[in-house]
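S.K.: Starting off with a structure, shown below.
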Amino acid sequence: MSETLLEVKDLRVAYGRIEALHGVSFSVNQGEIVTLIGANGAGKTTTLTSIARLPPPEAPKVASGDILYRGESILGVPPHDVVSKLNVALVPEGRHIFGNLTVEENLTLAAYPRRKAPASEAEAAFKTVYDLFPRLAERRRQRSEQLSGGEQQMLAVGRALMSNCQFIMLDEPSMGLSPLLMQLVFKTLRQLNEEQGMTILLVEQNANMALRLAHRGYVLDTGEIIAEGSADELMDDPEVKKAYLGG
Ligand SMILES: Nc1ncnc2c1ncn2[C@@H]1O[C@H](COP(=O)(O)OP(=O)(O)O)[C@@H](O)[C@H]1O
Ligand SMILES: [Mg+2]
């Protein structure tokens, strides 16, 4: 059995008086790709921002429950430490890259958590990103706002990789991408998992794509987990099929 990397236990979180997650529990093992699928408003982003410990006002408040990373509660960990000490990276919804900076400048900024490491480490990180996404290498001097949607998503994933993360969380990476670019981004995620042992938590409305990539999955519906299992089990589940896979 591989080690449990992330364990979310009976998590309740609220925006003000409105509770968005009503006791959510799930886990991610080292080396796994786990997906959390659910419709718009189900609580997917809330789950990820809670784990990343984003500061208010973005993050909702944890009312009860716990988030364990490598067996220890991270509820008291400040967000910058989640990245630089725990090596967890979040690729947020809507990408959040700096449009007026070049591709390379965006990647350089993202390497900030390793600023005290030898320069060779950052160079190796650049090489990893440019090998995975040759398009980014070709466009390294171009302003990011001039990239296509798919290239911007590659850059968002690339930024996460620059931080030396071992666990990457992605919030709807397929959003706004053409089917072809979507496939390219998902193929890269599989490559990262298989070749570098990267652990991945993938949040998606596109359940078809997500379940084809993931080993296991959970279905989130209005703040509650209503189904879980291997990706194959979920794809064969009549309820999941009906509600999330287009029949
Ligand atoms: N900043 C916020 N303030 C108040 N309610 C919010 C906020 N962000 C999200 N919510 C509510 O929390 C619930 C879950 O939203 P969210 O986590 O964004 O869902 P998803 O990412 O699955 O679409 C929704 O009912 C949404 O309206
Ligand atoms: Mg969302």
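Naming scheme: A, B, ... for chains in displayed order of the structure tokens; residues 1 onward per chain; ligands 1 onward as shown.
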Throw together the list of residues within 9 Å of ligand 2, counting only C-alpha atoms and all ligand atoms, and drop it here as an MDAnalysis selection string.
M.R.: chainID A and resid 39:46 48 92:93 171:172 203:205
S.K.: Produce a file of the selected residues containing N, CA and C atoms, as a CSV table (one decimal), in the first residue's frame.
M.R.:
chain,number,residue,atom,x,y,z
A,39,ALA,N,-20.8,19.1,-10.6
A,39,ALA,CA,-21.4,20.2,-11.4
A,39,ALA,C,-20.9,21.5,-10.9
A,40,ASN,N,-21.2,22.6,-11.6
A,40,ASN,CA,-21.0,23.9,-11.2
A,40,ASN,C,-21.7,24.2,-9.9
A,41,GLY,N,-20.9,24.8,-8.9
A,41,GLY,CA,-21.5,25.1,-7.6
A,41,GLY,C,-21.4,23.9,-6.6
A,42,ALA,N,-20.8,22.8,-7.0
A,42,ALA,CA,-20.8,21.6,-6.1
A,42,ALA,C,-19.9,21.8,-4.9
A,43,GLY,N,-18.9,22.7,-5.0
A,43,GLY,CA,-17.9,22.9,-4.0
A,43,GLY,C,-16.5,22.5,-4.3
A,44,LYS,N,-16.2,22.3,-5.6
A,44,LYS,CA,-14.9,21.8,-6.0
A,44,LYS,C,-13.8,22.8,-5.7
A,45,THR,N,-14.1,24.1,-6.1
A,45,THR,CA,-13.1,25.1,-5.9
A,45,THR,C,-12.9,25.4,-4.4
A,46,THR,N,-14.0,25.4,-3.7
A,46,THR,CA,-14.0,25.6,-2.2
A,46,THR,C,-13.0,24.5,-1.6
A,48,LEU,N,-10.5,22.9,-2.9
A,48,LEU,CA,-9.1,23.1,-3.3
A,48,LEU,C,-8.5,24.3,-2.5
A,92,PRO,N,-4.9,27.4,-10.1
A,92,PRO,CA,-6.2,27.8,-9.8
A,92,PRO,C,-7.1,27.9,-11.0
A,93,GLU,N,-8.4,28.0,-10.8
A,93,GLU,CA,-9.4,28.2,-11.8
A,93,GLU,C,-9.1,29.5,-12.5
A,171,ASP,N,-7.5,23.0,-10.8
A,171,ASP,CA,-9.0,23.4,-10.7
A,171,ASP,C,-9.5,23.6,-12.2
A,172,GLU,N,-10.2,22.6,-12.7
A,172,GLU,CA,-10.8,22.6,-14.0
A,172,GLU,C,-9.8,23.1,-15.1
A,203,VAL,N,-9.6,18.5,-10.2
A,203,VAL,CA,-11.0,18.9,-10.1
A,203,VAL,C,-11.6,19.2,-11.4
A,204,GLU,N,-12.7,18.6,-11.8
A,204,GLU,CA,-13.2,18.8,-13.1
A,204,GLU,C,-14.8,18.7,-13.2
A,205,GLN,N,-15.3,19.5,-14.1
A,205,GLN,CA,-16.7,19.4,-14.5
A,205,GLN,C,-16.8,18.4,-15.7
S.K.: Please identify every residue of segment 81-127 of chain A that has at least one atom no farther than 12 Å from an atom of segment 179-202 of chain A, counting only C-alpha atoms, and for each give the shortest atom pair and the distance in Å to one decimal, arranged by chain then increasing number, as CSV.
M.R.:
residue,atom,partner,partner_atom,distance
A:Asn87,CA,A:Thr199,CA,11.1
A:Val88,CA,A:Thr199,CA,9.7
A:Ala89,CA,A:Ile200,CA,9.8
A:Leu90,CA,A:Leu201,CA,9.4
A:Val91,CA,A:Leu202,CA,9.7
A:Pro92,CA,A:Leu202,CA,11.0
A:Glu93,CA,A:Leu202,CA,11.4
S.K.: Measuring atom to atom with only C-alpha atoms and all ligand atoms, identify which of A:Val8, A:Leu86, A:Val13, A:Ala243 is nearest to ligand 1.
M.R.: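 Residue with the minimum atom-to-atom distance to ligand 1: A:Val13.
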S.K.: So that I can check the surroundings of segment 133-138 of chain A, please list as JSON, numbers by chain every protein, DNA and RNA residue that reaches within 12 Å of it, counting only C-alpha atoms and ignoring chain neighbours fewer than 4 positions away.
M.R.: {"A": [102, 103, 104, 105, 106, 107, 126, 127, 128, 129, 142, 143, 144, 146, 147, 148, 150, 151, 152, 153, 154, 155, 156, 157, 158, 159, 161, 181, 184, 185, 187, 188, 189, 191, 192]}
S.K.: Determine which residues of segment 26-244 of chain A receive a DSSP assignment of strand (DSSP E), computed from the backbone, and state them as a PyMOL selection string.
M.R.: chain A and resi 26-29+33-37+61-69+72-73+88-91+167-171+199-204+216-221+224-230
S.K.: Could you go through segment 26-240 of chain A and tell me which residues DSSP, when run on the backbone, assigns to helix (DSSP H, G or I), listing them as JSON, numbers by chain?
M.R.: {"A": [44, 45, 46, 47, 48, 49, 50, 51, 52, 79, 80, 81, 82, 83, 84, 103, 104, 105, 106, 107, 108, 109, 110, 112, 113, 114, 119, 120, 121, 122, 123, 124, 125, 126, 127, 128, 129, 130, 131, 132, 134, 135, 136, 137, 138, 144, 145, 146, 149, 150, 151, 152, 153, 154, 155, 156, 157, 158, 159, 160, 161, 162, 179, 180, 181, 182, 183, 184, 185, 186, 187, 188, 189, 190, 191, 192, 193, 194, 195, 196, 207, 208, 209, 210, 211, 212, 213, 231, 232, 233, 234, 235, 236, 238, 239, 240]}
S.K.: Store the residues picked out above in a file with C-alpha atoms, as a compact mmCIF listing (two decimals), in the first residue's frame.
M.R.:
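Resulting contents of selection.txt:
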# COMPACT_ATOMS: atom_id res chain seq x y z
CA LYS A 44 -14.91 21.81 -5.97
CA THR A 45 -13.06 25.12 -5.86
CA THR A 46 -13.96 25.56 -2.20
CA THR A 47 -12.33 22.20 -1.47
CA LEU A 48 -9.10 23.11 -3.27
CA THR A 49 -8.79 26.60 -1.81
CA SER A 50 -9.36 25.14 1.65
CA ILE A 51 -6.52 22.67 1.14
CA ALA A 52 -4.21 25.36 -0.29
CA PRO A 79 -0.41 29.55 2.48
CA HIS A 80 3.15 30.39 1.41
CA ASP A 81 4.39 27.49 3.52
CA VAL A 82 1.95 25.14 1.84
CA VAL A 83 3.87 25.83 -1.38
CA SER A 84 7.43 26.21 -0.19
CA VAL A 103 6.35 33.15 -20.48
CA GLU A 104 9.84 32.95 -19.04
CA GLU A 105 9.21 35.76 -16.54
CA ASN A 106 6.10 33.95 -15.30
CA LEU A 107 8.11 30.77 -14.82
CA THR A 108 10.94 32.63 -13.10
CA LEU A 109 8.52 34.16 -10.60
CA ALA A 110 7.08 30.75 -9.90
CA TYR A 112 10.60 31.81 -6.06
CA PRO A 113 10.10 29.05 -3.44
CA ARG A 114 13.43 27.55 -4.55
CA ALA A 119 20.84 27.67 -9.59
CA SER A 120 21.16 24.28 -11.27
CA GLU A 121 17.84 23.27 -9.68
CA ALA A 122 15.94 26.12 -11.30
CA GLU A 123 17.65 25.32 -14.60
CA ALA A 124 16.53 21.72 -14.31
CA ALA A 125 12.99 22.91 -13.58
CA PHE A 126 13.00 25.10 -16.71
CA LYS A 127 14.20 22.12 -18.71
CA THR A 128 11.42 19.91 -17.31
CA VAL A 129 8.75 22.47 -18.21
CA TYR A 130 10.15 23.21 -21.68
CA ASP A 131 10.58 19.49 -22.43
CA LEU A 132 6.98 18.81 -21.41
CA PRO A 134 7.81 22.62 -26.33
CA ARG A 135 5.24 25.30 -27.26
CA LEU A 136 6.25 27.26 -24.17
CA ALA A 137 9.93 27.03 -25.10
CA GLU A 138 9.13 28.42 -28.54
CA SER A 144 1.65 35.62 -21.86
CA GLU A 145 -1.52 37.47 -22.83
CA GLN A 146 -0.67 36.70 -26.46
CA GLY A 149 -6.03 29.45 -24.04
CA GLY A 150 -4.34 26.07 -24.22
CA GLU A 151 -0.87 27.58 -24.05
CA GLN A 152 -1.92 29.68 -21.05
CA GLN A 153 -3.10 26.50 -19.34
CA MET A 154 0.26 24.88 -20.11
CA LEU A 155 1.95 27.90 -18.58
CA ALA A 156 -0.23 27.61 -15.46
CA VAL A 157 0.81 23.96 -15.08
CA GLY A 158 4.42 24.90 -15.85
CA ARG A 159 4.36 27.50 -13.10
CA ALA A 160 3.26 24.88 -10.59
CA LEU A 161 6.13 22.63 -11.68
CA MET A 162 8.69 25.40 -11.17
CA PRO A 179 -10.77 19.22 -27.37
CA LEU A 180 -7.32 18.95 -28.93
CA LEU A 181 -5.60 21.20 -26.39
CA MET A 182 -7.52 19.54 -23.59
CA GLN A 183 -6.08 16.20 -24.68
CA LEU A 184 -2.60 17.66 -24.78
CA VAL A 185 -2.84 19.05 -21.25
CA PHE A 186 -4.28 15.77 -19.91
CA LYS A 187 -1.60 13.75 -21.72
CA THR A 188 1.03 15.88 -20.01
CA LEU A 189 -0.56 15.27 -16.63
CA ARG A 190 -0.39 11.52 -17.23
CA GLN A 191 3.25 11.86 -18.28
CA LEU A 192 4.05 13.81 -15.11
CA ASN A 193 2.41 11.13 -13.02
CA GLU A 194 4.01 8.17 -14.78
CA GLU A 195 7.49 9.56 -15.36
CA GLN A 196 7.99 11.71 -12.28
CA ALA A 207 -16.13 13.99 -15.88
CA ASN A 208 -15.45 12.00 -19.02
CA MET A 209 -11.94 13.36 -19.46
CA ALA A 210 -11.16 13.31 -15.76
CA LEU A 211 -12.20 9.68 -15.22
CA ARG A 212 -10.21 8.57 -18.25
CA LEU A 213 -7.08 10.04 -16.69
CA ALA A 231 -12.28 5.44 -12.20
CA ASP A 232 -13.64 2.31 -13.93
CA GLU A 233 -16.24 1.73 -11.22
CA LEU A 234 -17.45 5.31 -11.46
CA MET A 235 -17.61 5.20 -15.25
CA ASP A 236 -19.79 2.07 -15.01
CA PRO A 238 -25.51 3.99 -13.72
CA GLU A 239 -26.20 7.05 -11.54
CA VAL A 240 -22.86 8.64 -12.37
S.K.: Hey, which of A:Ile33, A:Ala117, A:Ile74, A:Met175 ends up closest to ligand 1? Count only C-alpha atoms and all ligand atoms.
M.R.: A:Met175
S.K.: As a list in words, please: the residues near Glu7 of chain A (cut-off 8 Å, only C-alpha atoms, same-chain neighbours under 3 positions excluded).
M.R.: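 These residues fall inside the cut-off: Thr4, Ser25, Phe26, Ser27, Val28, Ile67, Leu68, Tyr69 and Gly71 of chain A.
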S.K.: Just write the chosen residues, C-alpha atoms, as a PDB file, in the first residue's frame.
M.R.:
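As a result, selection06.pdb now contains:
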ATOM      1  CA  THR A   4      -1.652   8.458   2.207  1.00  0.00           C
ATOM      2  CA  SER A  25     -14.025  13.234   3.376  1.00  0.00           C
ATOM      3  CA  PHE A  26     -11.582  11.865   0.819  1.00  0.00           C
ATOM      4  CA  SER A  27      -7.954  10.897   0.484  1.00  0.00           C
ATOM      5  CA  VAL A  28      -5.144  10.924  -2.053  1.00  0.00           C
ATOM      6  CA  ILE A  67      -6.982  18.427   6.485  1.00  0.00           C
ATOM      7  CA  LEU A  68      -3.972  16.173   6.994  1.00  0.00           C
ATOM      8  CA  TYR A  69      -0.917  16.240   4.760  1.00  0.00           C
ATOM      9  CA  GLY A  71      -0.333  12.670   8.494  1.00  0.00           C
TER      10      GLY A  71
END
S.K.: For ligand 1, which residue among A:Leu245, A:Val24, A:Ile37, A:Leu177 is the nearest when counting only C-alpha atoms and all ligand atoms?
M.R.: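 For ligand 1, the nearest of the given residues is A:Ile37.
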S.K.: Using only C-alpha atoms and all ligand atoms, can you tell me which of A:Gly246, A:Pro78, A:Ala111, A:Gly223 comes closest to ligand 1?
M.R.: A:Gly223
S.K.: With distances taken over only C-alpha atoms and all ligand atoms, which residue among A:Leu220, A:Ile97, A:Leu75, A:Leu54 lies nearest ligand 1?
M.R.: A:Leu220
S.K.: Using only C-alpha atoms for the distances, tell me which of A:Gly38, A:Gly65, A:Pro60, A:Gly176 is nearest to Gly23 of chain A.
M.R.: A:Gly65
